[in-house]
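What follows is entry-v8.txt (compact mmCIF, C-alpha atoms and all ligand atoms).
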```txt
# COMPACT_ATOMS: atom_id res chain seq x y z
CA MET J 1 -32.25 -13.16 18.78
CA LYS J 2 -30.20 -14.20 21.78
CA TYR J 3 -26.72 -13.37 20.46
CA TRP J 4 -25.29 -10.68 18.24
CA ASN J 5 -23.30 -13.34 16.39
CA PRO J 6 -24.80 -16.75 17.21
CA TYR J 7 -22.02 -18.60 15.39
CA LEU J 8 -18.98 -16.82 16.87
CA GLU J 9 -20.37 -16.62 20.40
CA THR J 10 -21.03 -20.32 20.88
CA LEU J 11 -18.02 -22.08 19.37
CA PRO J 12 -16.46 -25.05 21.15
CA ARG J 13 -13.24 -24.21 23.02
CA LYS J 14 -11.10 -26.22 20.61
CA ARG J 15 -12.43 -24.22 17.66
CA TYR J 16 -11.79 -20.89 19.41
CA ASN J 17 -8.21 -21.97 20.04
CA GLU J 18 -7.69 -23.01 16.42
CA ILE J 19 -9.14 -19.79 15.03
CA GLU J 20 -7.25 -17.58 17.46
CA LEU J 21 -3.94 -19.29 16.79
CA SER J 22 -4.42 -19.01 13.06
CA TYR J 23 -5.33 -15.30 13.33
CA PHE J 24 -2.39 -14.79 15.65
CA ARG J 25 0.02 -16.27 13.09
CA ASN J 26 -1.41 -14.01 10.38
CA MET J 27 -1.14 -10.96 12.62
CA LEU J 28 2.43 -11.78 13.54
CA SER J 29 3.50 -12.02 9.89
CA TYR J 30 1.61 -8.87 9.05
CA ALA J 31 3.11 -6.92 11.96
CA LYS J 32 6.65 -7.96 11.04
CA GLU J 33 6.11 -6.78 7.51
CA HIS J 34 4.30 -3.50 8.19
CA SER J 35 5.31 -2.09 11.57
CA MET J 36 8.84 -0.95 12.41
CA LEU J 37 8.33 -1.85 16.06
CA TYR J 38 7.67 -5.49 15.22
CA ARG J 39 10.18 -5.67 12.39
CA ASP J 40 12.82 -5.07 15.09
CA LYS J 41 11.11 -6.80 17.98
CA LEU J 42 10.20 -10.09 16.31
CA LYS J 43 13.44 -10.67 14.42
CA GLY J 44 14.03 -14.41 14.23
CA ILE J 45 10.46 -15.33 15.20
CA GLU J 46 8.41 -16.89 12.41
CA SER J 47 4.68 -17.44 12.40
CA LYS J 48 5.17 -21.09 11.47
CA ASP J 49 6.88 -21.59 14.85
CA ILE J 50 3.56 -20.91 16.60
CA GLN J 51 1.76 -24.24 16.59
CA SER J 52 0.08 -24.19 19.99
CA LEU J 53 -0.89 -21.68 22.68
CA ASP J 54 2.16 -22.90 24.55
CA ASP J 55 4.41 -21.55 21.81
CA LEU J 56 3.33 -17.99 22.61
CA LYS J 57 5.73 -18.02 25.55
CA GLY J 58 8.69 -17.36 23.28
CA ILE J 59 7.23 -14.12 21.95
CA PRO J 60 8.14 -10.93 23.84
CA PHE J 61 5.42 -8.75 25.38
CA THR J 62 4.72 -5.29 24.04
CA GLU J 63 5.11 -2.62 26.71
CA LYS J 64 3.86 0.94 26.60
CA GLU J 65 7.34 2.41 27.19
CA GLU J 66 8.85 0.98 24.02
CA MET J 67 5.82 2.10 22.04
CA ARG J 68 6.60 5.71 22.91
CA LYS J 69 10.12 5.32 21.57
CA TYR J 70 8.95 4.00 18.22
CA GLN J 71 6.26 6.62 17.99
CA ASP J 72 8.94 9.33 17.74
CA MET J 73 10.04 8.00 14.36
CA ASP J 74 8.56 8.90 10.97
CA PRO J 75 5.85 9.19 9.75
CA PHE J 76 4.48 11.75 12.20
CA PRO J 77 2.63 11.28 14.56
CA TYR J 78 2.45 7.45 14.70
CA GLY J 79 6.01 6.58 13.68
CA GLY J 80 7.02 2.95 13.87
CA LEU J 81 3.72 1.87 15.43
CA LEU J 82 1.77 2.42 12.24
CA GLY J 83 0.75 -0.76 10.42
CA SER J 84 -0.91 0.82 7.37
CA GLU J 85 -0.15 3.56 4.89
CA ILE J 86 -0.52 6.93 6.58
CA GLY J 87 -2.93 8.03 3.82
CA LYS J 88 -5.36 5.30 4.85
CA VAL J 89 -5.72 6.50 8.45
CA THR J 90 -9.18 7.93 9.00
CA THR J 91 -9.32 8.35 12.79
CA PHE J 92 -6.95 9.68 15.43
CA ARG J 93 -7.21 8.65 19.08
CA GLN J 94 -4.75 8.91 21.94
CA THR J 95 -4.18 7.55 25.41
CA SER J 96 -4.74 9.83 28.39
CA GLY J 97 -1.01 10.15 29.05
CA THR J 98 -1.41 9.75 32.80
CA THR J 99 1.76 7.61 32.91
CA GLY J 100 3.84 9.72 30.53
CA LYS J 101 3.67 10.92 26.96
CA PRO J 102 0.40 9.88 25.28
CA VAL J 103 0.41 7.11 22.70
CA TYR J 104 -1.22 8.17 19.42
CA VAL J 105 -3.43 5.50 17.93
CA PRO J 106 -4.22 5.42 14.20
CA GLU J 107 -7.31 3.67 12.86
CA THR J 108 -8.14 3.07 9.22
CA TYR J 109 -11.77 2.74 8.20
CA GLU J 110 -11.42 -1.08 8.29
CA SER J 111 -9.70 -1.23 11.67
CA TRP J 112 -12.23 1.14 13.17
CA GLN J 113 -15.09 -1.02 11.87
CA TRP J 114 -13.40 -4.02 13.45
CA ARG J 115 -13.33 -2.22 16.82
CA VAL J 116 -16.96 -1.24 16.44
CA GLU J 117 -17.97 -4.84 15.68
CA ALA J 118 -16.21 -6.04 18.86
CA TRP J 119 -18.17 -3.38 20.77
CA CYS J 120 -21.43 -4.60 19.21
CA HIS J 121 -20.80 -7.89 21.03
CA ILE J 122 -20.38 -5.98 24.30
CA LEU J 123 -23.53 -3.89 23.93
CA TYR J 124 -25.70 -6.72 22.66
CA MET J 125 -24.72 -9.07 25.47
CA ALA J 126 -25.52 -6.27 27.94
CA GLY J 127 -29.05 -6.27 26.53
CA PHE J 128 -28.90 -3.11 24.42
CA ARG J 129 -31.53 -3.27 21.65
CA PRO J 130 -33.05 -0.96 19.02
CA HIS J 131 -35.72 0.38 21.39
CA HIS J 132 -33.03 1.98 23.55
CA ARG J 133 -32.55 5.71 23.40
CA ILE J 134 -29.06 6.05 24.85
CA PHE J 135 -27.93 9.24 26.50
CA LEU J 136 -24.17 9.87 26.50
CA PRO J 137 -23.49 12.36 29.31
CA PHE J 138 -20.14 13.09 27.88
CA VAL J 139 -17.93 15.29 25.71
CA TYR J 140 -16.37 13.44 22.76
CA ASN J 141 -12.75 14.33 22.16
CA VAL J 142 -9.34 12.80 21.33
CA TYR J 143 -9.87 9.92 23.76
CA VAL J 144 -11.58 6.75 22.68
CA ALA J 145 -14.48 7.01 25.16
CA PHE J 146 -17.29 6.67 24.06
CA TRP J 147 -16.76 6.81 20.32
CA GLU J 148 -16.80 3.02 19.88
CA GLY J 149 -19.89 2.76 22.05
CA HIS J 150 -21.58 5.39 19.93
CA TYR J 151 -20.86 3.69 16.60
CA ALA J 152 -21.64 0.22 17.92
CA ALA J 153 -24.98 1.35 19.37
CA GLU J 154 -25.83 2.87 16.01
CA LYS J 155 -24.94 -0.41 14.28
CA LEU J 156 -27.26 -2.23 16.69
CA GLY J 157 -30.06 0.13 15.74
CA CYS J 158 -30.24 2.07 19.01
CA GLU J 159 -30.85 5.81 19.11
CA LEU J 160 -27.99 7.98 20.37
CA VAL J 161 -28.28 11.28 22.18
CA PRO J 162 -24.91 13.05 22.54
CA GLY J 163 -24.95 14.86 25.87
CA GLY J 164 -21.76 16.96 25.58
CA GLY J 165 -21.74 20.69 26.17
CA LEU J 166 -24.17 20.55 29.09
CA ASP J 167 -23.55 20.70 32.81
CA THR J 168 -24.81 17.85 34.98
CA LYS J 169 -28.11 19.55 35.71
CA GLY J 170 -28.60 20.24 32.02
CA ARG J 171 -27.96 16.58 31.30
CA ILE J 172 -30.50 15.46 33.89
CA ASN J 173 -33.09 17.72 32.31
CA LYS J 174 -32.25 16.43 28.84
CA ILE J 175 -32.65 12.80 29.95
CA LEU J 176 -36.13 13.66 31.27
CA GLU J 177 -37.06 15.84 28.31
CA ILE J 178 -36.29 13.28 25.59
CA ARG J 179 -37.11 10.23 27.79
CA ALA J 180 -33.75 8.52 27.36
CA ASN J 181 -33.91 4.97 28.71
CA ALA J 182 -30.22 3.97 28.66
CA MET J 183 -26.82 5.51 29.37
CA MET J 184 -23.11 4.93 28.82
CA ASN J 185 -20.88 6.59 31.40
CA THR J 186 -18.06 6.14 33.88
CA PRO J 187 -19.20 4.65 37.21
CA THR J 188 -18.05 7.83 38.95
CA TYR J 189 -20.11 10.07 36.72
CA GLY J 190 -23.12 7.78 37.08
CA LEU J 191 -22.91 8.29 40.85
CA HIS J 192 -22.41 12.02 40.39
CA ILE J 193 -25.53 12.40 38.21
CA ALA J 194 -27.51 10.55 40.89
CA GLU J 195 -26.10 12.84 43.59
CA GLU J 196 -26.96 16.00 41.59
CA ALA J 197 -30.43 14.68 40.74
CA LYS J 198 -31.16 14.13 44.43
CA ALA J 199 -29.87 17.62 45.23
CA ILE J 200 -32.49 19.15 42.91
CA GLY J 201 -35.23 16.93 44.28
CA ILE J 202 -35.28 14.27 41.58
CA ASP J 203 -35.10 10.59 42.51
CA PRO J 204 -32.52 9.06 40.10
CA ALA J 205 -34.84 6.04 39.74
CA SER J 206 -37.46 8.33 38.19
CA LEU J 207 -35.12 9.29 35.34
CA GLY J 208 -36.33 6.19 33.49
CA ILE J 209 -32.91 4.67 32.79
CA GLU J 210 -33.31 0.89 32.23
CA ARG J 211 -29.81 -0.03 31.26
CA MET J 212 -26.36 1.44 31.84
CA LEU J 213 -23.02 0.45 30.39
CA CYS J 214 -20.01 1.61 32.36
CA ALA J 215 -16.51 2.24 31.08
CA GLY J 216 -13.33 4.08 31.90
CA GLU J 217 -12.56 2.83 35.41
CA PRO J 218 -12.38 -0.54 37.13
CA MET J 219 -15.77 -0.95 38.82
CA PRO J 220 -16.05 -2.99 42.04
CA SER J 221 -19.26 -5.03 42.16
CA ALA J 222 -20.38 -2.91 45.14
CA THR J 223 -20.29 0.19 42.91
CA ARG J 224 -22.21 -1.59 40.16
CA LYS J 225 -24.88 -2.66 42.64
CA ARG J 226 -25.03 0.83 44.13
CA LEU J 227 -25.74 2.26 40.67
CA GLU J 228 -28.42 -0.40 40.12
CA GLU J 229 -30.10 0.59 43.39
CA LEU J 230 -29.94 4.30 42.67
CA TYR J 231 -31.34 4.12 39.14
CA HIS J 232 -33.41 0.91 39.55
CA CYS J 233 -31.73 -0.30 36.37
CA HIS J 234 -29.36 -2.97 35.04
CA VAL J 235 -25.71 -1.93 35.08
CA PHE J 236 -23.00 -3.66 33.04
CA ASP J 237 -19.26 -3.44 32.98
CA HIS J 238 -16.64 -4.12 30.34
CA ILE J 239 -12.83 -4.15 30.08
CA GLY J 240 -10.79 -2.35 27.50
CA GLY J 241 -8.34 0.38 26.72
CA THR J 242 -7.28 2.70 23.93
CA GLU J 243 -4.47 0.47 22.69
CA PRO J 244 -5.88 -3.07 23.10
CA CYS J 245 -9.55 -2.01 22.36
CA ALA J 246 -12.45 -3.32 24.45
CA TRP J 247 -11.79 -7.02 24.92
CA ALA J 248 -14.34 -8.31 27.48
CA GLY J 249 -17.94 -7.53 28.38
CA MET J 250 -20.60 -8.50 30.91
CA CYS J 251 -23.61 -10.55 29.82
CA GLU J 252 -27.05 -10.47 31.44
CA ALA J 253 -26.03 -13.19 33.90
CA LYS J 254 -23.79 -10.47 35.45
CA ASP J 255 -21.40 -13.13 36.61
CA GLY J 256 -18.07 -11.88 35.29
CA MET J 257 -17.14 -10.70 31.81
CA HIS J 258 -16.84 -12.72 28.60
CA LEU J 259 -13.73 -12.37 26.49
CA ILE J 260 -14.70 -11.18 23.02
CA GLU J 261 -13.46 -14.26 21.20
CA PRO J 262 -12.15 -14.78 18.59
CA PHE J 263 -11.50 -11.07 18.15
CA PHE J 264 -8.81 -11.15 20.82
CA LEU J 265 -6.34 -13.67 22.10
CA VAL J 266 -6.23 -13.02 25.83
CA GLU J 267 -3.71 -14.61 28.19
CA ILE J 268 -4.09 -14.29 31.97
CA LEU J 269 -0.58 -14.80 33.27
CA ASP J 270 0.91 -15.36 36.69
CA ARG J 271 2.00 -11.88 37.83
CA GLU J 272 5.38 -12.89 39.25
CA THR J 273 6.80 -14.73 36.26
CA LEU J 274 4.46 -13.65 33.44
CA GLN J 275 4.94 -17.16 32.07
CA LYS J 276 2.18 -19.44 33.21
CA GLU J 277 -1.57 -19.11 32.54
CA VAL J 278 -3.33 -18.89 35.94
CA GLU J 279 -6.13 -21.19 37.08
CA GLU J 280 -9.78 -20.27 37.53
CA GLY J 281 -10.22 -17.97 40.55
CA GLU J 282 -6.60 -16.82 40.54
CA VAL J 283 -5.29 -13.31 39.91
CA GLY J 284 -3.20 -12.71 36.82
CA VAL J 285 -2.06 -10.02 34.41
CA ALA J 286 -4.06 -9.69 31.19
CA VAL J 287 -1.95 -9.86 28.05
CA VAL J 288 -4.00 -9.06 24.95
CA THR J 289 -3.49 -9.49 21.22
CA PRO J 290 -6.17 -7.86 19.05
CA LEU J 291 -6.48 -10.26 16.12
CA GLY J 292 -8.03 -8.19 13.36
CA ARG J 293 -6.75 -4.68 13.63
CA ARG J 294 -3.98 -3.90 11.19
CA SER J 295 -3.55 -0.14 11.39
CA PHE J 296 -1.92 -0.48 14.80
CA PRO J 297 -0.65 -4.03 15.26
CA LEU J 298 -0.20 -5.18 18.84
CA ILE J 299 1.29 -8.52 19.72
CA ARG J 300 0.99 -9.69 23.32
CA PHE J 301 0.26 -6.23 24.73
CA ASN J 302 0.87 -6.14 28.48
CA THR J 303 -2.25 -4.29 29.69
CA LYS J 304 -0.99 -4.25 33.31
CA ASP J 305 -4.57 -4.98 34.31
CA LEU J 306 -4.83 -7.43 37.18
CA VAL J 307 -7.85 -9.67 36.75
CA ILE J 308 -9.34 -12.75 38.35
CA LYS J 309 -9.83 -15.57 35.89
CA GLY J 310 -13.47 -16.67 35.72
CA LYS J 311 -15.44 -19.79 34.91
CA GLU J 312 -15.52 -21.40 31.48
CA THR J 313 -19.28 -21.81 31.45
CA CYS J 314 -22.14 -19.33 31.65
CA SER J 315 -25.89 -19.57 32.01
CA CYS J 316 -26.24 -17.31 28.94
CA GLY J 317 -24.93 -20.12 26.74
CA ARG J 318 -21.92 -18.23 25.39
CA THR J 319 -18.83 -20.39 25.33
CA SER J 320 -16.11 -17.75 25.47
CA ARG J 321 -13.86 -17.67 28.52
CA LYS J 322 -14.62 -15.24 31.33
CA ILE J 323 -12.94 -12.75 33.63
CA LYS J 324 -14.48 -12.87 37.10
CA GLU J 325 -13.38 -9.41 38.12
CA VAL J 326 -10.83 -6.66 37.52
CA VAL J 327 -8.65 -6.25 40.61
CA GLY J 328 -6.97 -3.03 39.47
CA ARG J 329 -3.89 -1.81 37.68
CA ILE J 330 -0.48 -3.19 38.60
CA ASP J 331 0.69 0.46 38.69
CA ASP J 332 -1.87 1.22 41.41
CA LEU J 333 -0.63 -1.48 43.77
CA ARG J 334 1.55 0.04 46.48
CA LYS J 335 3.44 -1.10 49.53
CA ILE J 336 2.28 0.91 52.52
CA ARG J 337 3.98 0.04 55.82
CA GLY J 338 5.01 -3.21 54.18
CA VAL J 339 1.43 -4.14 53.26
CA LEU J 340 0.37 -4.56 49.63
CA PHE J 341 -2.50 -2.14 49.05
CA SER J 342 -4.95 -1.66 46.17
CA PRO J 343 -7.10 1.54 46.16
CA LYS J 344 -9.96 -0.52 44.72
CA THR J 345 -10.46 -2.21 48.11
CA VAL J 346 -11.34 1.16 49.65
CA GLU J 347 -13.85 1.88 46.92
CA GLU J 348 -15.42 -1.52 47.55
CA VAL J 349 -15.78 -0.84 51.29
CA ILE J 350 -17.30 2.61 50.70
CA ARG J 351 -19.76 1.65 47.98
CA LYS J 352 -20.91 -1.42 49.87
CA GLY J 353 -21.73 0.06 53.23
CA TYR J 354 -21.50 3.85 53.12
CA ALA J 355 -24.09 5.38 50.82
CA GLU J 356 -23.71 8.61 52.84
CA VAL J 357 -20.18 9.15 51.54
CA MET J 358 -20.54 11.47 48.54
CA GLU J 359 -16.90 11.57 47.51
CA TYR J 360 -13.56 10.43 48.89
CA GLU J 361 -9.83 10.56 48.35
CA ILE J 362 -6.93 8.48 49.68
CA VAL J 363 -3.66 10.26 50.45
CA VAL J 364 -0.44 8.49 51.44
CA GLU J 365 2.35 10.56 52.99
CA ARG J 366 5.64 9.77 54.64
CA LYS J 367 6.01 11.25 58.13
CA GLY J 368 9.56 10.55 59.31
CA ILE J 369 9.99 6.87 58.65
CA MET J 370 6.29 6.06 58.86
CA ASP J 371 3.70 6.07 56.10
CA ASP J 372 0.43 7.80 56.94
CA VAL J 373 -2.63 6.87 55.01
CA THR J 374 -5.57 9.24 55.17
CA LEU J 375 -9.06 8.81 53.82
CA ARG J 376 -10.72 12.18 53.17
CA VAL J 377 -14.51 11.84 52.97
CA GLU J 378 -17.36 14.14 52.11
CA PHE J 379 -20.93 13.89 53.41
CA PRO J 380 -24.01 15.65 52.01
CA PRO J 381 -24.62 19.28 53.04
CA ASN J 382 -26.09 19.69 56.55
CA PHE J 383 -25.23 16.13 57.52
CA ASP J 384 -25.68 15.37 61.23
CA PRO J 385 -22.15 15.72 62.77
CA LYS J 386 -22.85 13.04 65.38
CA LYS J 387 -23.78 10.57 62.68
CA ALA J 388 -20.71 11.60 60.67
CA ASP J 389 -18.50 10.76 63.66
CA GLN J 390 -20.12 7.34 64.05
CA ILE J 391 -19.59 6.60 60.36
CA LYS J 392 -16.00 7.76 60.66
CA SER J 393 -15.14 5.21 63.32
CA ARG J 394 -17.08 2.42 61.59
CA LEU J 395 -15.17 3.19 58.38
CA ARG J 396 -11.85 3.07 60.19
CA GLU J 397 -12.65 -0.39 61.57
CA ASP J 398 -13.91 -1.73 58.24
CA LEU J 399 -10.84 -0.46 56.41
CA LYS J 400 -8.56 -2.02 59.00
CA VAL J 401 -10.20 -5.42 58.46
CA LYS J 402 -10.15 -5.20 54.66
CA THR J 403 -6.71 -3.65 54.08
CA ASN J 404 -4.77 -4.45 57.22
CA LEU J 405 -3.88 -0.75 57.49
CA SER J 406 -4.90 1.88 60.04
CA PHE J 407 -6.44 4.83 58.21
CA LEU J 408 -6.85 8.36 59.50
CA VAL J 409 -10.35 9.36 58.45
CA GLN J 410 -10.85 13.06 57.84
CA ILE J 411 -14.18 14.76 57.15
CA GLU J 412 -14.12 17.44 54.44
CA SER J 413 -16.73 20.09 53.71
CA PRO J 414 -19.32 19.22 51.02
CA GLY J 415 -18.10 19.87 47.47
CA SER J 416 -14.44 20.36 48.43
CA LEU J 417 -13.05 17.16 46.91
CA PRO J 418 -12.58 17.00 43.13
CA ARG J 419 -15.31 15.43 40.93
CA TYR J 420 -14.43 13.43 37.85
CA MET J 421 -16.05 12.77 34.51
CA LEU J 422 -13.37 10.55 33.04
CA LYS J 423 -10.76 8.54 34.90
CA ALA J 424 -11.20 9.27 38.57
CA LYS J 425 -7.97 9.87 40.52
CA ARG J 426 -8.92 9.24 44.10
CA PHE J 427 -5.52 7.98 45.14
CA ARG J 428 -2.55 10.25 45.77
CA ASP J 429 0.79 8.86 46.84
CA MET J 430 2.88 11.78 48.08
CA ARG J 431 5.88 9.70 49.14
CA GLU J 432 9.07 10.49 47.33
CA GLY J 433 10.01 8.08 44.59
CA GLU J 434 6.52 6.55 44.40
CA LYS J 435 4.65 6.65 41.14
CA ASN J 436 1.66 8.96 41.28
CA GLU J 437 -0.60 8.84 38.28
ZN ZN T 501 -22.69 -15.13 29.90
```

Could you quickly redo this structure as structure tokens?
Ligand SMILES: [Zn+2]
Amino acid sequence: MKYWNPYLETLPRKRYNEIELSYFRNMLSYAKEHSMLYRDKLKGIESKDIQSLDDLKGIPFTEKEEMRKYQDMDPFPYGGLLGSEIGKVTTFRQTSGTTGKPVYVPETYESWQWRVEAWCHILYMAGFRPHHRIFLPFVYNVYVAFWEGHYAAEKLGCELVPGGGLDTKGRINKILEIRANAMMNTPTYGLHIAEEAKAIGIDPASLGIERMLCAGEPMPSATRKRLEELYHCHVFDHIGGTEPCAWAGMCEAKDGMHLIEPFFLVEILDRETLQKEVEEGEVGVAVVTPLGRRSFPLIRFNTKDLVIKGKETCSCGRTSRKIKEVVGRIDDLRKIRGVLFSPKTVEEVIRKGYAEVMEYEIVVERKGIMDDVTLRVEFPPNFDPKKADQIKSRLREDLKVKTNLSFLVQIESPGSLPRYMLKAKRFRDMREGEKNE
């Protein structure tokens, strides 16, 4: 079978719009009735007023900051965000809290199944099938990664191997021992496993991984391709978060990511005004409404993800709209010496042309009135210093072209920079008054 849900994945655009609008109206009425946040927030807005996608404009966005305020109410710990009876909650998850107090997310059995079904779309379109034995090199905990992936893979009929409680070497040995042929991991950790495997004399391509689904961090296409080269496998990306769920996934055409319609109503809005839907190829902010999850209603959630809107057609035959690429988080965009800078550009440069760079970190500091931006890089042990110097100057030139900024490039000793399993934090802004996640 080509699609997980042949009916829902190939609807005409008009039908998607009708279904999504109708679900949106239902969700709006439900949220007003069951969640304190929306009882207050949507006063005076009636679902019957929403007759077209254009009518969404009059509905306020939901921002993370206000969610924290309502969370402090009763009942503990979800407060005014809860959309179901507290006794019906079966699963607790939380956000990482990198931007402040974590948001606690309640799921009932039904809402969790809804999330899992959306994830089935993501895994199936990335080619995951029952013959896959998926290794999860990961510790499960209060965060959502990779619980949905686990349950969805099970629903698809795949075999899951939880790889928590082992160090990286232990995980590599386990993959070989049980002949796992697929993985779900962060891009960073995928690179790290490859690095460790090489260090103990194992070619990552010989691990036998055929398919990899990445999550947790925005992945430049250069990183995806790098992983494909290292493992000789197919690597897929998806977009999601703890609050809005996973709302887009990459199909085997690997040309952008399909919105999971009609599970979500996704708007890609002009980042200056947050009013107008952007055109194909333009950058916008993703605003997401999950349409079937009642335990934690979210109406027009501002994800603060900057994405490039993709094509409306795909060689895979799915008719859902597409995201071409994730640019990064609005919160990660900084002005450095008057230039707008996204850390993702640096990752793109490094993964594309500098396989020798094992790890890196960007540090911005203010020296007097000037901003200094330093790239700290790590090479493998016993790396030829002459070659390192050549790479250093080539990097400086490439970064100048791509970011319009002059970087200081500093070589660090092997293993001195931090390694990450979950969200990598390779960007530190030390200037006073600047946000530093
Ligand atoms: Zn496709």

Practice problem: Just give me the gap between CA of Tyr354 in chain J and CA of Asp203 in chain J in Å, one decimal is fine. | Solution: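 Taking CA of Tyr354 in chain J and CA of Asp203 in chain J, their separation equals 18.5 Å.
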
Self-check item: Site check for ligand ZN 501 (chain T): residues at most 6 Å away, only C-alpha atoms and all ligand atoms, as a VMD selection string
Solution: chain J and resid 251 253 314 to 316 318

Save out the residues we just selected, C-alpha atoms, as a PDB file, keeping the file's coordinate frame.
```pdb
ATOM      1  CA  CYS J 251     -23.610 -10.550  29.820  1.00  0.00           C
ATOM      2  CA  ALA J 253     -26.030 -13.190  33.900  1.00  0.00           C
ATOM      3  CA  CYS J 314     -22.140 -19.330  31.650  1.00  0.00           C
ATOM      4  CA  SER J 315     -25.890 -19.570  32.010  1.00  0.00           C
ATOM      5  CA  CYS J 316     -26.240 -17.310  28.940  1.00  0.00           C
ATOM      6  CA  ARG J 318     -21.920 -18.230  25.390  1.00  0.00           C
TER       7      ARG J 318
END
```

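Using only C-alpha atoms for every distance, the candidate list J:Gly87, J:Gly58, J:Pro12, J:Pro6 yields J:Gly58 as the residue closest to Leu274 in chain J.
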
If you take all atoms listed in the file and a cut-off of 7 Å, which residues of range 43-129 of chain J touch range 280-297 of chain J, and what are their nearest atom pairs and distances in Å to one decimal, in chain and number order, as a tab-separated table?
```
residue	atom	partner	partner_atom	distance
J:Leu81	CA	J:Phe296	CA	6.1
J:Leu82	CA	J:Phe296	CA	5.3
J:Gly83	CA	J:Ser295	CA	4.5
J:Ser84	CA	J:Ser295	CA	4.9
J:Val105	CA	J:Phe296	CA	6.9
J:Pro106	CA	J:Ser295	CA	6.3
J:Glu107	CA	J:Ser295	CA	5.6
J:Thr108	CA	J:Ser295	CA	6.0
J:Ser111	CA	J:Arg293	CA	4.9
J:Trp114	CA	J:Arg293	CA	6.7
```

Self-check item: Gap from CA of Ile178 in chain J to CA of Phe135 in chain J - Å, one decimal
Solution: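 Value for the CA of Ile178 in chain J-CA of Phe135 in chain J distance: 9.3 Å.
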
Could you pull out every residue with an atom within 10 Å of (-3.5, 2.2, 52.3), file coordinates, counting all atoms listed in the file, and send them as a tab-separated table (two decimals) with C-alpha atoms, in the coordinates of the input?
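Result went into out_17.tsv, see below:
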```tsv
chain	number	residue	atom	x	y	z
J	333	LEU	CA	-0.63	-1.48	43.77
J	334	ARG	CA	1.55	0.04	46.48
J	335	LYS	CA	3.44	-1.10	49.53
J	336	ILE	CA	2.28	0.91	52.52
J	337	ARG	CA	3.98	0.04	55.82
J	339	VAL	CA	1.43	-4.14	53.26
J	340	LEU	CA	0.37	-4.56	49.63
J	341	PHE	CA	-2.50	-2.14	49.05
J	342	SER	CA	-4.95	-1.66	46.17
J	343	PRO	CA	-7.10	1.54	46.16
J	345	THR	CA	-10.46	-2.21	48.11
J	346	VAL	CA	-11.34	1.16	49.65
J	362	ILE	CA	-6.93	8.48	49.68
J	363	VAL	CA	-3.66	10.26	50.45
J	364	VAL	CA	-0.44	8.49	51.44
J	371	ASP	CA	3.70	6.07	56.10
J	372	ASP	CA	0.43	7.80	56.94
J	373	VAL	CA	-2.63	6.87	55.01
J	374	THR	CA	-5.57	9.24	55.17
J	375	LEU	CA	-9.06	8.81	53.82
J	399	LEU	CA	-10.84	-0.46	56.41
J	400	LYS	CA	-8.56	-2.02	59.00
J	403	THR	CA	-6.71	-3.65	54.08
J	404	ASN	CA	-4.77	-4.45	57.22
J	405	LEU	CA	-3.88	-0.75	57.49
J	406	SER	CA	-4.90	1.88	60.04
J	407	PHE	CA	-6.44	4.83	58.21
J	427	PHE	CA	-5.52	7.98	45.14
J	429	ASP	CA	0.79	8.86	46.84
```

Quick one: residues within 6 Å of Ala205 in chain J, all atoms listed in the file, excluding same-chain residues fewer than 5 positions away - as a PDB file with C-alpha atoms, keeping the file's coordinate frame?
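Final output, saved to result_31.pdb:
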```
ATOM      1  CA  LEU J 230     -29.940   4.300  42.670  1.00  0.00           C
ATOM      2  CA  TYR J 231     -31.340   4.120  39.140  1.00  0.00           C
ATOM      3  CA  HIS J 232     -33.410   0.910  39.550  1.00  0.00           C
TER       4      HIS J 232
END
```

Quiz item: Hey, which of J:Gly310, J:Gly241, J:Pro102, J:Pro60 ends up closest to Phe146 in chain J? Count only C-alpha atoms.
Solution: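 Once distances to Phe146 in chain J are computed over only C-alpha atoms, the minimum belongs to J:Gly241.
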
Self-check item: Separation of CA of Lys423 in chain J from CA of Gly97 in chain J, in Å and rounded to one decimal
Solution: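 CA of Gly97 in chain J lies at a distance of 11.5 Å from CA of Lys423 in chain J.
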
Once you count all atoms listed in the file, what closest atom pair and distance in Å to one decimal does each residue of range 317-387 of chain J within 12 Å of range 187-191 of chain J have, with rows by chain and rising residue number, as a tab-separated table?
```
residue	atom	partner	partner_atom	distance
J:Glu347	CA	J:Thr188	CA	10.8
J:Arg351	CA	J:Leu191	CA	10.2
J:Ala355	CA	J:Leu191	CA	10.5
J:Val357	CA	J:Leu191	CA	11.1
J:Met358	CA	J:Leu191	CA	8.7
J:Glu359	CA	J:Thr188	CA	9.4
J:Tyr360	CA	J:Thr188	CA	11.2
```

Quiz item: So which one's closest to Asp54 in chain J, J:Lys276, J:Lys155, J:Arg25, J:Lys352? Using all atoms listed in the file, please.
Solution: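 Answer, going by the shortest atom-to-atom distance: J:Lys276.
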
Quiz item: Contacts of Ile175 in chain J at 9 Å or less, counting all atoms listed in the file, minus same-chain residues fewer than 2 places along, as number ranges by chain?
Solution: J: 135, 163, 170-173, 177-181, 207-209

Generate a file of the selected residues that holds C-alpha atoms, formatted as a CSV table (one decimal), keeping the file's coordinate frame.
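Below you can see again07.csv, which holds the result:
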```csv
chain,number,residue,atom,x,y,z
J,135,PHE,CA,-27.9,9.2,26.5
J,163,GLY,CA,-25.0,14.9,25.9
J,170,GLY,CA,-28.6,20.2,32.0
J,171,ARG,CA,-28.0,16.6,31.3
J,172,ILE,CA,-30.5,15.5,33.9
J,173,ASN,CA,-33.1,17.7,32.3
J,177,GLU,CA,-37.1,15.8,28.3
J,178,ILE,CA,-36.3,13.3,25.6
J,179,ARG,CA,-37.1,10.2,27.8
J,180,ALA,CA,-33.8,8.5,27.4
J,181,ASN,CA,-33.9,5.0,28.7
J,207,LEU,CA,-35.1,9.3,35.3
J,208,GLY,CA,-36.3,6.2,33.5
J,209,ILE,CA,-32.9,4.7,32.8
```
